[in-house]
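This is start_0.cif. It holds mmCIF, C-alpha atoms.
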data_run
#
loop_
_atom_site.label_atom_id
_atom_site.label_comp_id
_atom_site.auth_asym_id
_atom_site.auth_seq_id
_atom_site.Cartn_x
_atom_site.Cartn_y
_atom_site.Cartn_z
CA MET P 1 212.00 136.08 106.28
CA ASP P 2 215.12 136.47 108.40
CA LYS P 3 217.25 135.61 105.37
CA LEU P 4 215.46 138.24 103.27
CA ILE P 5 215.92 140.87 105.99
CA GLU P 6 219.62 140.09 106.21
CA ALA P 7 219.97 140.11 102.41
CA GLY P 8 218.31 143.54 102.25
CA ARG P 9 220.54 144.91 104.99
CA ASN P 10 223.69 143.58 103.37
CA THR P 11 222.96 144.56 99.76
CA VAL P 12 224.54 147.80 98.61
CA ASP P 13 223.02 147.80 95.11
CA THR P 14 219.74 149.74 95.42
CA GLU P 15 218.02 147.82 92.60
CA LYS P 16 218.87 144.46 94.19
CA ARG P 17 217.85 145.76 97.62
CA LEU P 18 214.49 146.91 96.25
CA LYS P 19 213.84 143.46 94.76
CA VAL P 20 214.73 141.78 98.07
CA TYR P 21 212.41 144.08 100.05
CA GLN P 22 209.63 143.62 97.49
CA GLU P 23 209.89 139.87 98.00
CA LEU P 24 209.97 140.35 101.78
CA TYR P 25 206.84 142.56 101.78
CA ARG P 26 205.04 140.20 99.42
CA THR P 27 205.81 137.34 101.81
CA LEU P 28 204.62 139.41 104.78
CA VAL P 29 201.32 140.20 103.08
CA GLU P 30 200.70 136.65 101.86
CA ASP P 31 201.73 134.82 105.06
CA ALA P 32 200.66 137.53 107.56
CA PRO P 33 202.90 136.17 110.35
CA TRP P 34 201.57 138.49 113.04
CA LEU P 35 198.67 138.82 115.42
CA MET P 36 197.28 142.25 116.27
CA MET P 37 196.75 142.42 120.02
CA HIS P 38 196.15 146.16 120.34
CA ALA P 39 195.29 149.09 118.11
CA GLN P 40 195.64 152.56 119.59
CA ASP P 41 193.05 155.12 118.58
CA GLU P 42 194.24 158.68 118.20
CA ASN P 43 193.09 161.04 120.94
CA TYR P 44 193.48 164.80 120.74
CA GLY P 45 192.82 167.65 123.14
CA VAL P 46 191.24 170.80 121.77
CA SER P 47 191.84 174.44 122.62
CA ARG P 48 190.78 177.47 120.66
CA LYS P 49 194.12 179.06 121.54
CA VAL P 50 196.05 176.47 119.51
CA ASN P 51 196.05 176.34 115.70
CA TRP P 52 196.88 172.67 115.08
CA LYS P 53 195.75 169.87 112.79
CA PRO P 54 196.58 166.17 113.25
CA TYR P 55 198.54 164.23 110.66
CA PRO P 56 196.39 162.13 108.34
CA SER P 57 196.58 158.45 109.31
CA TRP P 58 198.58 157.57 106.17
CA ALA P 59 201.34 160.04 107.12
CA SER P 60 202.27 158.40 110.42
CA ALA P 61 205.97 158.60 111.22
CA ALA P 62 205.89 154.84 111.85
CA THR P 63 204.55 154.06 108.38
CA HIS P 64 206.96 152.96 105.67
CA PHE P 65 206.13 152.12 102.10
CA VAL P 66 208.07 150.02 99.60
CA PRO P 67 206.65 149.79 96.06
CA LEU P 68 205.75 146.18 95.27
CA GLY P 69 206.21 146.66 91.52
CA ASP P 70 204.12 145.04 88.81
#

Take the structure in the file and give it back as structure tokens.
Amino acid sequence: MDKLIEAGRNTVDTEKRLKVYQELYRTLVEDAPWLMMHAQDENYGVSRKVNWKPYPSWASAATHFVPLGD
């Protein structure tokens, strides 16, 4: 995976970079080399004086998507 990350970082051609990242994400999904130790629930305070809606969970600023292709 380190080699794929480096290849993606060092590839200028966007088509080649996309293929490298697709392979990287496919490997991440298939091998799942992580262990979830903590998952933070979203907590919000409420006031009638504030007109505010939370982001939907899929729109998190920490979420990144790369199309995996066909």

I would like the residues chosen by the PyMOL selection byres ((chain P and resi 7) around 12) on the shown file; could you give them as an mmCIF file with C-alpha atoms, keeping the file's coordinate frame?
data_model
loop_
_atom_site.group_PDB
_atom_site.id
_atom_site.type_symbol
_atom_site.label_atom_id
_atom_site.label_comp_id
_atom_site.auth_asym_id
_atom_site.auth_seq_id
_atom_site.Cartn_x
_atom_site.Cartn_y
_atom_site.Cartn_z
ATOM 1 C CA MET P 1 212.000 136.080 106.280
ATOM 2 C CA ASP P 2 215.120 136.470 108.400
ATOM 3 C CA LYS P 3 217.250 135.610 105.370
ATOM 4 C CA LEU P 4 215.460 138.240 103.270
ATOM 5 C CA ILE P 5 215.920 140.870 105.990
ATOM 6 C CA GLU P 6 219.620 140.090 106.210
ATOM 7 C CA GLY P 8 218.310 143.540 102.250
ATOM 8 C CA ARG P 9 220.540 144.910 104.990
ATOM 9 C CA ASN P 10 223.690 143.580 103.370
ATOM 10 C CA THR P 11 222.960 144.560 99.760
ATOM 11 C CA VAL P 12 224.540 147.800 98.610
ATOM 12 C CA ASP P 13 223.020 147.800 95.110
ATOM 13 C CA THR P 14 219.740 149.740 95.420
ATOM 14 C CA LYS P 16 218.870 144.460 94.190
ATOM 15 C CA ARG P 17 217.850 145.760 97.620
ATOM 16 C CA LEU P 18 214.490 146.910 96.250
ATOM 17 C CA LYS P 19 213.840 143.460 94.760
ATOM 18 C CA VAL P 20 214.730 141.780 98.070
ATOM 19 C CA TYR P 21 212.410 144.080 100.050
ATOM 20 C CA GLN P 22 209.630 143.620 97.490
ATOM 21 C CA GLU P 23 209.890 139.870 98.000
ATOM 22 C CA LEU P 24 209.970 140.350 101.780
#

Taking all listed atoms of segment 24-39 of chain P, build the axis-aligned box, pad each of the six sides by 4 Å, then write its centre and edge lengths in Å to one decimal as lines of an AutoDock Vina configuration file.
center_x = 202.6
center_y = 142.0
center_z = 109.9
size_x = 22.7
size_y = 22.3
size_z = 28.9

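Between atom CA of Tyr25 of chain P and atom CA of His38 of chain P the separation is 21.7 Å.
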
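Atom CA of Glu15 of chain P to atom CA of Ala32 of chain P spans 25.1 Å [interatomic distance, one decimal].
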